[in-house]
Amino acid sequence: MRLHIETGEPVSSRAIARRHPEPLSPATIRNVMADLEDAGYLYQPHTSAGRVPTALGYQYFIEHFATQARLRPADEQWIREQMSTARTFEEKLERAGQILAKISHGLGLTLSPPMAQMPIEHIRLLLVPGGRLLVVLITQDGITRDKLVIPPEPFTQEELDRISAYLNQHYRGWTLERIRADLAARLARVQDSWRRIALGALELCDPELLADEPDRQLRVEGTAQIATAPEFSDQQRLGALFAAVEEKRRLIELLSRCIATPEPLFVQVGVSELAAAGPSLALIGARYCAASQGAGLLGVLGPLRMDYERAVTAATFLARLIGSPTE
């Protein structure tokens with residue numbers, strides 16, 4: 001498996017015999033490889049060629065070897081050096097995607113937490129023509145999101161100013177989810193003169209109203225690099241890959257399901273959800289949980305022939321590093 005990942009060529013019994021620490025004959029190795037082929041772990045592209053792994057073979061290797069591997073000391077040192085200059089949360093995610101693309105020779109993916117889970121530093125509400133509102137949210141880490149919304153009921157700019165002042169005074173550093181929960185509790189005891197403001201704040205802090213389509217933001221790094229990979233020398237296959245990446249909604253849905261799984265690491269060999277390109281791709285996802293930002297995902301989307309041991313250990317380490325910056 002490692003030899004094929006390294007060379008990209010079918011592996012012969014003689015090549016394994018030369019590298020195997022035990023003195024095994026090529027005939028013995030051929031018999032074992034034939035058994036593995038019968039079991040669906042290997043296949044032979046040509047009669048005179050060696051064997052290459054199937055998707056089932058890759059999955060077995062990942063489950064029993066890649067997920068048990070340790071991060072190379074050189075990789076750890078390089079990752080720490082690269083991450084040390086990233087100051088904001090956004091910069092850390094961008095740098096993590098670049099690192100994963102470099103190590104895996106695939107696409108580095110980063111999926112941000114939903115805005116509803118991010119602590120809000122400042123809220124601005126502006127009335128625009130057509131009865132719409134421009135809602136500007138700035139998180140404590142400096143991330144800015146703005147959204148044009150149609151409110152459930154009309155507001156004047158004076159009312160919007162009072163609502164935003166109320167929110168900024170009482171809820172700086174809170175998430176939208178916590179703000180709504182507290183506003184709902186306060187409504188039962190708030191004075192009549194503030195009830196309109198509290199109701200308006202409750203309506204305008206609805207994550208569903210403010211959500212982007214979709215709410216999480218996806219970054220993709222390494223597209224220029226993967227275009228030169230031997231697996232995508234065929235223009236049709238490369239075009240199918242880029243088409244899959246452009247369907248960000250589908251990719252975000254897939255990555256969001258990875259976050260919802262009980263295990264912090266997710267590996268899928270053959271990504272059927274990505275249509276034509278899917279069967280020739282593998283997806284690695286590592287969930288991170290940043291205390292001040294919520295849960296998101298770091299990942300790799302690449303060809304089946306990938307250095308899974310390096311990619312898995314790097315993704316896992318980066319997820320821990322983002323979740324615990326003092327590590």
# chains A, B, ... in the order shown; residues from 1 in each chain; ligands from 1
>>> closest_atom_pairs(of="segment 72-151 of chain A", to="segment 237-256 of chain A", cutoff="10 Å", atoms="only C-alpha atoms", output="JSON lines")
{"residue": "A:Leu107", "atom": "CA", "partner": "A:Val245", "partner_atom": "CA", "distance": 9.5}
{"residue": "A:Leu109", "atom": "CA", "partner": "A:Leu255", "partner_atom": "CA", "distance": 9.3}
{"residue": "A:Thr110", "atom": "CA", "partner": "A:Leu255", "partner_atom": "CA", "distance": 9.3}
{"residue": "A:Leu111", "atom": "CA", "partner": "A:Leu255", "partner_atom": "CA", "distance": 7.5}
{"residue": "A:Ser112", "atom": "CA", "partner": "A:Ser256", "partner_atom": "CA", "distance": 9.9}
{"residue": "A:Pro113", "atom": "CA", "partner": "A:Ser256", "partner_atom": "CA", "distance": 9.6}
>>> write_last_selection(atoms="C-alpha atoms", output="compact mmCIF listing (two decimals), in the first residue's frame")
# COMPACT_ATOMS: atom_id res chain seq x y z
CA LEU A 107 -7.59 20.15 -1.57
CA LEU A 109 -10.89 22.27 3.30
CA THR A 110 -11.92 24.38 6.27
CA LEU A 111 -15.51 24.71 7.44
CA SER A 112 -16.26 27.49 9.90
CA PRO A 113 -18.69 27.22 12.82
>>> residues_around(residues="Gly270 of chain A", least_positions_apart="6", cutoff="9 Å", atoms="only C-alpha atoms", output="list in words")
Ala55, Gly278, Pro279, Ser280, Leu281, Ala282, Leu283 and Leu304 of chain A
>>> residues_around(residues="Thr313 of chain A", least_positions_apart="6", cutoff="12 Å", atoms="only C-alpha atoms", output="list of chain:residue names")
A:Ile62, A:Phe65, A:Ala66, A:Thr67, A:Gln68, A:Ala69, A:Arg70, A:Leu71, A:Arg72, A:Pro73, A:Asp75, A:Glu76, A:Ile79, A:Leu100, A:Ile103, A:Ser104, A:Leu265, A:Ile284, A:Gly285, A:Ala286, A:Leu298, A:Gly299, A:Val300, A:Asp307, A:Ala319, A:Arg320
>>> write_last_selection(atoms="C-alpha atoms", output="mmCIF file, in the first residue's frame")
data_model
loop_
_atom_site.group_PDB
_atom_site.id
_atom_site.type_symbol
_atom_site.label_atom_id
_atom_site.label_comp_id
_atom_site.auth_asym_id
_atom_site.auth_seq_id
_atom_site.Cartn_x
_atom_site.Cartn_y
_atom_site.Cartn_z
ATOM 1 C CA ILE A 62 -6.875 3.763 6.794
ATOM 2 C CA PHE A 65 -2.796 1.860 9.938
ATOM 3 C CA ALA A 66 -3.368 5.522 9.011
ATOM 4 C CA THR A 67 -5.567 6.307 12.009
ATOM 5 C CA GLN A 68 -2.995 4.678 14.308
ATOM 6 C CA ALA A 69 -0.038 6.588 12.860
ATOM 7 C CA ARG A 70 1.889 9.275 14.737
ATOM 8 C CA LEU A 71 2.607 12.716 13.347
ATOM 9 C CA ARG A 72 6.112 13.000 11.964
ATOM 10 C CA PRO A 73 8.299 15.284 14.135
ATOM 11 C CA ASP A 75 5.645 17.757 10.088
ATOM 12 C CA GLU A 76 4.775 18.892 13.616
ATOM 13 C CA ILE A 79 2.962 23.011 11.126
ATOM 14 C CA LEU A 100 -3.389 20.374 4.566
ATOM 15 C CA ILE A 103 0.880 17.882 2.937
ATOM 16 C CA SER A 104 -1.814 15.840 1.194
ATOM 17 C CA LEU A 265 -12.068 11.919 12.736
ATOM 18 C CA ILE A 284 -10.751 13.220 5.420
ATOM 19 C CA GLY A 285 -12.421 15.352 8.083
ATOM 20 C CA ALA A 286 -11.204 16.290 11.572
ATOM 21 C CA LEU A 298 -10.680 20.740 8.837
ATOM 22 C CA GLY A 299 -10.382 18.336 5.952
ATOM 23 C CA VAL A 300 -8.798 17.057 2.787
ATOM 24 C CA ASP A 307 -0.532 9.707 1.803
ATOM 25 C CA ALA A 319 -7.803 20.353 14.815
ATOM 26 C CA ARG A 320 -6.294 20.041 18.299
#
>>> residues_around(residues="Pro53 of chain A", least_positions_apart="5", cutoff="9 Å", atoms="only C-alpha atoms", output="ChimeraX atom specification")
/A:1,4,10,37,40-44,58,305
>>> atom_distance(atom1="atom CA of Ala165 of chain A", atom2="atom CA of Ile138 of chain A")
14.2 Å
